[in-house]
$ cat query_29.pdb   # PDB, C-alpha atoms
ATOM      1  CA  MET A1092      36.779-139.136-175.324
ATOM      2  CA  GLU A1093      37.795-141.526-172.558
ATOM      3  CA  ASN A1094      34.153-141.908-171.526
ATOM      4  CA  ARG A1095      33.234-142.707-175.135
ATOM      5  CA  GLU A1096      35.834-145.498-175.314
ATOM      6  CA  TYR A1097      34.738-146.821-171.931
ATOM      7  CA  LEU A1098      31.072-146.891-172.986
ATOM      8  CA  ASN A1099      31.973-148.638-176.246
ATOM      9  CA  SER A1100      33.878-151.268-174.264
ATOM     10  CA  LEU A1101      30.917-151.760-171.954
ATOM     11  CA  PHE A1102      28.614-152.002-174.961
ATOM     12  CA  ASP A1103      30.772-154.757-176.472
ATOM     13  CA  ILE A1104      30.426-156.732-173.238
ATOM     14  CA  TYR A1105      26.816-156.052-172.237
ATOM     15  CA  LYS A1106      24.962-155.131-175.448
ATOM     16  CA  GLU A1107      22.816-158.264-175.379
ATOM     17  CA  LEU A1108      21.316-157.037-172.096
ATOM     18  CA  LEU A1109      19.947-153.893-173.781
ATOM     19  CA  THR A1110      16.725-153.691-175.752
ATOM     20  CA  SER A1111      17.000-153.654-179.536
ATOM     21  CA  ILE A1112      16.078-149.935-179.624
ATOM     22  CA  GLU A1113      18.763-149.150-177.026
ATOM     23  CA  GLN A1114      21.294-151.151-179.042
ATOM     24  CA  GLU A1115      20.375-149.403-182.296
ATOM     25  CA  THR A1116      20.455-145.964-180.678
ATOM     26  CA  PHE A1117      23.837-146.657-179.099
ATOM     27  CA  ILE A1118      25.268-147.877-182.410
ATOM     28  CA  ASN A1119      23.797-144.915-184.306
ATOM     29  CA  TYR A1120      25.247-142.420-181.850
ATOM     30  CA  TYR A1121      28.572-143.926-180.797
ATOM     31  CA  GLU A1122      29.602-146.045-183.765
ATOM     32  CA  GLU A1123      27.954-144.308-186.722
ATOM     33  CA  ASP A1124      28.465-140.857-185.155
ATOM     34  CA  LEU A1125      24.934-139.671-185.924
ATOM     35  CA  SER A1126      23.520-136.751-183.959
ATOM     36  CA  LEU A1127      20.445-137.090-181.773
ATOM     37  CA  SER A1128      18.525-135.071-184.361
ATOM     38  CA  GLU A1129      19.599-137.358-187.193
ATOM     39  CA  ILE A1130      18.604-140.458-185.229
ATOM     40  CA  ALA A1131      15.271-138.865-184.335
ATOM     41  CA  GLU A1132      14.606-138.059-187.982
ATOM     42  CA  ILE A1133      15.396-141.621-189.078
ATOM     43  CA  ARG A1134      13.174-143.107-186.370
ATOM     44  CA  LYS A1135      10.478-140.479-186.724
ATOM     45  CA  VAL A1136      10.523-139.719-182.984
ATOM     46  CA  SER A1137      11.477-136.663-180.975
ATOM     47  CA  LYS A1138      15.064-135.727-180.256
ATOM     48  CA  SER A1139      14.303-135.904-176.528
ATOM     49  CA  SER A1140      13.052-139.475-176.942
ATOM     50  CA  VAL A1141      16.328-140.451-178.587
ATOM     51  CA  GLY A1142      18.279-138.672-175.844
ATOM     52  CA  LYS A1143      16.320-140.485-173.177
ATOM     53  CA  THR A1144      16.895-143.858-174.861
ATOM     54  CA  LEU A1145      20.625-143.166-175.146
ATOM     55  CA  THR A1146      20.876-142.043-171.513
ATOM     56  CA  THR A1147      18.990-145.133-170.370
ATOM     57  CA  ALA A1148      21.334-147.386-172.364
ATOM     58  CA  GLU A1149      24.416-145.662-170.931
ATOM     59  CA  GLU A1150      23.092-145.932-167.379
ATOM     60  CA  LYS A1151      22.266-149.612-167.854
ATOM     61  CA  LEU A1152      25.755-150.353-169.189
ATOM     62  CA  LYS A1153      27.362-148.629-166.206
ATOM     63  CA  GLU A1154      25.054-150.415-163.781
ATOM     64  CA  TYR A1155      25.793-153.812-165.340
ATOM     65  CA  GLU A1156      29.511-153.130-164.959
ATOM     66  CA  LYS A1157      29.047-151.961-161.379
ATOM     67  CA  ILE A1158      27.396-155.287-160.543
ATOM     68  CA  LEU A1159      29.177-157.774-162.827
ATOM     69  CA  LYS A1160      32.630-156.126-163.154
ATOM     70  CA  VAL A1161      33.500-157.908-166.387
ATOM     71  CA  TYR A1162      35.319-154.887-167.871
ATOM     72  CA  THR A1163      37.178-154.199-164.618
ATOM     73  CA  THR A1164      38.281-157.817-164.287
ATOM     74  CA  LYS A1165      39.353-157.907-167.930
ATOM     75  CA  GLU A1166      41.470-154.776-167.417
ATOM     76  CA  ARG A1167      43.035-156.194-164.262
ATOM     77  CA  LEU A1168      43.899-159.429-166.055
ATOM     78  CA  ALA A1169      45.429-157.476-168.945
ATOM     79  CA  ASN A1170      47.627-155.622-166.456
ATOM     80  CA  ILE A1171      48.660-158.894-164.826
ATOM     81  CA  LEU A1172      49.806-160.185-168.208
ATOM     82  CA  GLU A1173      52.358-157.366-168.248
ATOM     83  CA  LEU A1174      54.052-158.693-165.095
ATOM     84  CA  ASN A1175      57.223-160.789-165.337
ATOM     85  CA  ASP A1176      57.322-162.225-161.819
ATOM     86  CA  THR A1177      55.429-165.540-161.704
ATOM     87  CA  SER A1178      54.809-165.221-157.985
ATOM     88  CA  GLN A1179      53.316-161.756-158.444
ATOM     89  CA  ILE A1180      51.152-163.016-161.299
ATOM     90  CA  LYS A1181      49.830-165.870-159.160
ATOM     91  CA  ASP A1182      49.145-163.549-156.223
ATOM     92  CA  ASN A1183      47.222-161.099-158.389
ATOM     93  CA  ILE A1184      45.137-163.815-160.027
ATOM     94  CA  LYS A1185      44.415-165.344-156.627
ATOM     95  CA  LYS A1186      43.136-161.934-155.419
ATOM     96  CA  ILE A1187      40.753-161.740-158.358
ATOM     97  CA  ILE A1188      39.450-165.259-157.766
ATOM     98  CA  GLU A1189      38.954-164.710-154.039
ATOM     99  CA  GLU A1190      37.282-161.319-154.390
ATOM    100  CA  LYS A1191      33.615-161.025-153.718
ATOM    101  CA  PHE A1192      31.797-159.471-156.594
TER
END
$ encode --input "query_29.pdb" --output "structure tokens"
Amino acid sequence: MENREYLNSLFDIYKELLTSIEQETFINYYEEDLSLSEIAEIRKVSKSSVGKTLTTAEEKLKEYEKILKVYTTKERLANILELNDTSQIKDNIKKIIEEKF
């Protein structure tokens, strides 16, 4: 389930970088909870084609995050917001700014 939530978060960030078919397949599978067979039937393609499209979309999302680190940075900033020490907050934000992506 954790992977599902992670992929949905990545999709929210990077969906515009996917093709329209990859976006539709992702939405059908992860948001509408359709099976690969159901998606294949709707699209009139093979189940393996749908599976391949979904796998490609998932791999792209993970690769975009590996390179761009938007999700990771967002999570780090959310954690920093939980801190009470101003000095610690500044230090953590400075680390993020100075980091090489």
$ atom_distance --input "query_29.pdb" --atom1 "atom CA of Tyr1097 of chain A" --atom2 "atom CA of Glu1166 of chain A"
11.4 Å
$ closest_residue --input "query_29.pdb" --among "A:Thr1163, A:Asn1183, A:Asn1099, A:Ser1178" --to "Tyr1121 of chain A" --atoms "only C-alpha atoms"
A:Asn1099
$ resolve_selection --input "query_29.pdb" --expression "the PyMOL selection byres ((chain A and resi 1113) around 12)" --output "PDB file with C-alpha atoms, in the frame of the given file"
ATOM      1  CA  PHE A1102      28.614-152.002-174.961  1.00  0.00           C
ATOM      2  CA  TYR A1105      26.816-156.052-172.237  1.00  0.00           C
ATOM      3  CA  LYS A1106      24.962-155.131-175.448  1.00  0.00           C
ATOM      4  CA  GLU A1107      22.816-158.264-175.379  1.00  0.00           C
ATOM      5  CA  LEU A1108      21.316-157.037-172.096  1.00  0.00           C
ATOM      6  CA  LEU A1109      19.947-153.893-173.781  1.00  0.00           C
ATOM      7  CA  THR A1110      16.725-153.691-175.752  1.00  0.00           C
ATOM      8  CA  SER A1111      17.000-153.654-179.536  1.00  0.00           C
ATOM      9  CA  ILE A1112      16.078-149.935-179.624  1.00  0.00           C
ATOM     10  CA  GLN A1114      21.294-151.151-179.042  1.00  0.00           C
ATOM     11  CA  GLU A1115      20.375-149.403-182.296  1.00  0.00           C
ATOM     12  CA  THR A1116      20.455-145.964-180.678  1.00  0.00           C
ATOM     13  CA  PHE A1117      23.837-146.657-179.099  1.00  0.00           C
ATOM     14  CA  ILE A1118      25.268-147.877-182.410  1.00  0.00           C
ATOM     15  CA  ASN A1119      23.797-144.915-184.306  1.00  0.00           C
ATOM     16  CA  TYR A1120      25.247-142.420-181.850  1.00  0.00           C
ATOM     17  CA  TYR A1121      28.572-143.926-180.797  1.00  0.00           C
ATOM     18  CA  ILE A1130      18.604-140.458-185.229  1.00  0.00           C
ATOM     19  CA  SER A1140      13.052-139.475-176.942  1.00  0.00           C
ATOM     20  CA  VAL A1141      16.328-140.451-178.587  1.00  0.00           C
ATOM     21  CA  GLY A1142      18.279-138.672-175.844  1.00  0.00           C
ATOM     22  CA  LYS A1143      16.320-140.485-173.177  1.00  0.00           C
ATOM     23  CA  THR A1144      16.895-143.858-174.861  1.00  0.00           C
ATOM     24  CA  LEU A1145      20.625-143.166-175.146  1.00  0.00           C
ATOM     25  CA  THR A1146      20.876-142.043-171.513  1.00  0.00           C
ATOM     26  CA  THR A1147      18.990-145.133-170.370  1.00  0.00           C
ATOM     27  CA  ALA A1148      21.334-147.386-172.364  1.00  0.00           C
ATOM     28  CA  GLU A1149      24.416-145.662-170.931  1.00  0.00           C
ATOM     29  CA  GLU A1150      23.092-145.932-167.379  1.00  0.00           C
ATOM     30  CA  LYS A1151      22.266-149.612-167.854  1.00  0.00           C
ATOM     31  CA  LEU A1152      25.755-150.353-169.189  1.00  0.00           C
TER      32      LEU A1152
END
$ closest_residue --input "query_29.pdb" --among "A:Glu1096, A:Glu1154, A:Lys1138, A:Ile1171" --to "Lys1185 of chain A" --atoms "only C-alpha atoms"
A:Ile1171
$ residues_around --input "query_29.pdb" --residues "Thr1164 of chain A" --least-positions-apart "5" --cutoff "10 Å" --atoms "only C-alpha atoms" --output "NGL selection string"
:A and (1156 or 1159 or 1169-1170 or 1187-1188)
$ atom_distance --input "query_29.pdb" --atom1 "atom CA of Lys1153 of chain A" --atom2 "atom CA of Asp1182 of chain A"
28.2 Å
$ closest_residue --input "query_29.pdb" --among "A:Ile1104, A:Arg1095, A:Asp1176, A:Ser1126" --to "Tyr1155 of chain A" --atoms "only C-alpha atoms"
A:Ile1104
$ atom_distance --input "query_29.pdb" --atom1 "atom CA of Leu1172 of chain A" --atom2 "atom CA of Glu1190 of chain A"
18.7 Å
$ axis_aligned_box --input "query_29.pdb" --around "segment 1107-1122 of chain A" --padding-each-side "5 Å" --output "JSON"
{"center_x": 22.8, "center_y": -150.3, "center_z": -178.2, "size_x": 23.5, "size_y": 25.8, "size_z": 22.2}
